[in-house]
Each structure stands twice: as structure tokens, then as C-alpha cells.
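upload-v7.cif follows; it contains mmCIF, C-alpha atoms.
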data_target
loop_
_atom_site.label_atom_id
_atom_site.label_comp_id
_atom_site.auth_asym_id
_atom_site.auth_seq_id
_atom_site.Cartn_x
_atom_site.Cartn_y
_atom_site.Cartn_z
CA MET I 1 48.43 107.92 159.93
CA THR I 2 50.90 110.63 158.94
CA ASN I 3 53.64 110.65 156.36
CA HIS I 4 56.05 112.46 158.69
CA LYS I 5 58.69 109.73 158.56
CA GLU I 6 58.65 109.69 154.77
CA THR I 7 58.82 113.49 154.65
CA LEU I 8 61.84 113.41 156.97
CA LYS I 9 63.60 110.86 154.77
CA GLN I 10 62.95 113.07 151.73
CA TYR I 11 64.20 116.10 153.67
CA ALA I 12 67.48 114.33 154.49
CA GLU I 13 67.89 113.15 150.89
CA TYR I 14 67.22 116.59 149.39
CA LEU I 15 69.55 118.26 151.91
CA GLN I 16 72.33 115.81 151.09
CA ARG I 17 71.92 116.26 147.32
CA GLY I 18 71.46 120.03 147.51
CA GLU I 19 68.02 119.95 145.87
CA ARG I 20 66.97 123.41 146.97
CA GLU I 21 63.45 123.73 145.60
CA LYS I 22 62.38 120.27 146.72
CA LEU I 23 63.79 120.88 150.19
CA LEU I 24 62.13 124.28 150.55
CA ALA I 25 58.78 122.72 149.61
CA LEU I 26 58.97 120.47 152.70
CA VAL I 27 59.24 123.25 155.31
CA THR I 28 57.04 126.07 156.61
CA ASP I 29 57.84 129.67 155.71
CA ASP I 30 58.79 130.32 159.35
CA PHE I 31 60.97 127.19 159.64
CA VAL I 32 63.33 127.22 162.66
CA PHE I 33 66.64 125.35 162.97
CA GLU I 34 68.17 125.25 166.43
CA LYS I 35 71.51 123.64 167.18
CA LYS I 36 71.35 123.43 170.98
CA GLY I 37 73.81 125.79 172.60
CA GLN I 38 73.59 128.27 169.71
CA PRO I 39 70.98 130.84 168.69
CA ALA I 40 68.02 129.48 166.72
CA LEU I 41 67.94 130.37 163.01
CA GLN I 42 64.65 131.11 161.30
CA GLY I 43 63.40 131.13 157.72
CA LYS I 44 63.80 129.08 154.56
CA GLN I 45 67.11 130.83 153.83
CA VAL I 46 68.57 128.81 156.72
CA LEU I 47 68.14 125.67 154.62
CA LEU I 48 69.93 127.22 151.67
CA ALA I 49 72.82 128.15 153.96
CA MET I 50 72.83 124.58 155.32
CA ILE I 51 73.11 123.16 151.82
CA ASP I 52 76.17 125.32 151.15
CA ASN I 53 77.39 125.00 154.76
CA ARG I 54 77.84 128.76 154.83
CA ASP I 55 79.16 129.93 158.18
CA GLY I 56 79.54 126.32 159.34
CA ILE I 57 75.83 125.87 160.02
CA MET I 58 76.09 122.11 159.54
CA HIS I 59 79.54 121.93 161.10
CA LYS I 60 82.26 124.56 161.29
CA ASP I 61 85.04 122.18 160.17
CA ALA I 62 83.33 120.96 156.99
CA GLY I 63 84.13 123.99 154.85
CA THR I 64 81.85 123.98 151.82
CA GLN I 65 81.51 120.19 151.82
CA VAL I 66 78.17 118.83 153.00
CA PRO I 67 78.37 116.31 155.84
CA THR I 68 76.79 112.89 155.30
CA HIS I 69 73.91 111.95 157.61
CA LYS I 70 72.95 108.39 158.51
CA ILE I 71 69.59 108.05 160.26
CA GLU I 72 69.55 105.10 162.63
CA ARG I 73 66.27 105.55 164.49
CA ILE I 74 63.02 107.48 164.10
CA ILE I 75 60.34 107.54 166.77
CA GLU I 76 57.05 109.32 166.10
CA GLU I 77 54.77 110.87 168.70
CA GLY I 78 52.01 113.07 167.31
CA ASP I 79 53.55 115.85 165.23
CA THR I 80 57.08 115.26 166.53
CA LEU I 81 59.75 112.85 165.35
CA ALA I 82 62.72 111.94 167.52
CA VAL I 83 65.59 111.08 165.19
CA SER I 84 69.08 109.81 165.96
CA GLY I 85 72.09 108.82 163.93
CA THR I 86 75.58 109.79 162.85
CA ILE I 87 77.11 112.52 160.75
CA GLN I 88 80.38 112.20 158.84
CA VAL I 89 82.02 115.63 158.51
CA PRO I 90 84.71 115.97 155.80
CA GLN I 91 87.90 117.56 157.13
CA PRO I 92 90.27 119.82 155.16
CA ASP I 93 93.08 117.23 155.57
CA GLY I 94 90.93 114.56 153.90
CA GLY I 95 89.90 112.87 157.15
CA GLN I 96 86.43 112.52 158.63
CA LEU I 97 84.99 113.73 161.91
CA GLU I 98 82.16 111.57 163.20
CA LEU I 99 79.37 113.14 165.23
CA LEU I 100 76.35 111.62 166.93
CA PHE I 101 73.11 113.53 166.55
CA SER I 102 69.70 113.54 168.12
CA ASP I 103 66.99 115.70 166.57
CA TYR I 104 63.45 116.66 167.38
CA VAL I 105 61.62 117.37 164.13
CA ILE I 106 58.35 119.20 164.66
CA PHE I 107 55.68 119.28 161.98
CA ARG I 108 52.84 121.69 161.34
CA GLY I 109 50.44 119.83 159.11
CA ASP I 110 52.53 118.00 156.51
CA LEU I 111 55.48 120.42 156.67
CA VAL I 112 58.56 120.58 158.91
CA SER I 113 58.30 123.70 161.07
CA ARG I 114 61.22 123.23 163.48
CA ILE I 115 64.30 121.10 163.98
CA GLU I 116 66.10 121.06 167.31
CA THR I 117 69.42 119.23 167.10
CA TYR I 118 71.93 117.99 169.66
CA LEU I 119 75.44 117.06 168.48
CA ILE I 120 78.34 115.37 170.24
CA PRO I 121 81.59 113.92 168.88
CA ALA I 122 81.51 110.13 168.56
CA GLY I 123 83.57 108.53 171.27
CA ALA I 124 83.19 111.55 173.57
CA PRO I 125 83.80 110.70 177.23
CA GLN I 126 80.65 109.68 179.04
CA GLY I 127 80.29 111.24 182.37
#

Would you mind writing the file out in C-alpha cells?
Amino acid sequence: MTNHKETLKQYAEYLQRGEREKLLALVTDDFVFEKKGQPALQGKQVLLAMIDNRDGIMHKDAGTQVPTHKIERIIEEGDTLAVSGTIQVPQPDGGQLELLFSDYVIFRGDLVSRIETYLIPAGAPQG
């Protein structure tokens, strides 16, 4: 039995609180973050940029504020977790943008090696 789910929960907590060293200890040196539809980003520096939301990596409209993630479901299959939930993105006018996310979190051993994320606005038309 793996501890992947617990590691993911720690990852989300450390990301939210900006705990850089603890977060970096949970990922491989060649960590990859891919927001589908955009080029994949590689390396631990990606996580540091995510914490600061530099260049809108988490979401372009959040500025330097870190969006809040709420995990609703985690399904584990081997070294991959399928994760879904919502993200609240602070807006410059004080409002909130809500996004739905679905991630594939891939582990190598006990460390996160890749996250592939899909984002859509909540309430987006279904087609």
C-alpha cells in the first residue's frame, strides 16, 4: 500500500501555505507541471513560481494571490492519482473566479514526478 494520497494532501497543503522547502521535498528533480493546452513546465523552480503565481502559472487573473484548492475526489491506480475538485481564484476587484479541475498526479517511487491538469470555469456550458 502506498502513501500517494497522503503525499498529495501534503503537497496541496504546502502549496497553499507557501512552504517551499517542504513542497520541494515531495517532488522529483525533473518534476513536470502541464496545464493542458499550454507548454509543459519542468523543474522544481516551477513549484516556486506556482507558490508566487509568477506569470499566472496557477491562474492568470489571480495576480500574486494564491488560489484556494478544494480536493473532492482522489482515485488511485498504481503510481497515478486522478484528482478532482474546485479552485477559488481571487480577482483584483475582490471577487472570486471558480474553476473546476481534474489532475493526473504521477509518482516515481514516493515522489510526485508529473502533474497534468485540466481546468474549466465552473458553470461553463456543457456541449

**OP:** Determine the nearest neighbour of I:Arg17 from the options I:Leu41, I:His69, I:Asp93, I:Lys35, counting only C-alpha atoms.
**Re:** I:His69

As a JSON list (two decimals) with C-alpha atoms, in the frame of the given file, please: the residues near I:Asp110 (cut-off 8 Å, only C-alpha atoms, same-chain neighbours under 5 positions excluded).
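Result went into part03.json, see below:
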[["chain", "number", "residue", "atom", "x", "y", "z"],
["I", 2, "THR", "CA", 50.90, 110.63, 158.94],
["I", 3, "ASN", "CA", 53.64, 110.65, 156.36],
["I", 4, "HIS", "CA", 56.05, 112.46, 158.69],
["I", 7, "THR", "CA", 58.82, 113.49, 154.65],
["I", 26, "LEU", "CA", 58.97, 120.47, 152.70]]

Original post:
Where does the PyMOL selection byres ((chain I and resi 84-89) around 6) land in this file, that is, which residues does it pick, as number ranges by chain?
Top reply: I: 62, 67-73, 83, 90, 96-102

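Separating atom CA of I:Ile120 from atom CA of I:Arg20 is a distance of 27.1 Å.
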
Original post:
Do you know which residues are at most 10 Å from I:Tyr14 counting all atoms listed in the file, after dropping those on the same chain fewer than 6 positions away, and could you put them as a list in words?
Top reply: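 In the requested format, the answer is Leu8, Arg20, Glu21, Lys22, Leu23, Leu24, Leu26 and Ile51 of chain I.
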
Original post:
So which residues get picked by the PyMOL selection byres ((chain I and resi 107) around 9) here, written as a count of residues only?
Top reply: 16

Subject >> Distance in Å - atom CA of I:Gln16 versus atom CA of I:Pro39 >> reply: 23.2 Å

Original post:
In Å to one decimal, how far is atom CA of I:Phe31 from atom CA of I:Lys44?
Top reply: 6.1 Å

**OP:** Pick out the closest residue to I:Tyr104 from this set: I:Leu48, I:Glu34, I:Pro121, I:Gly18. Count only C-alpha atoms.
**Re:** I:Glu34
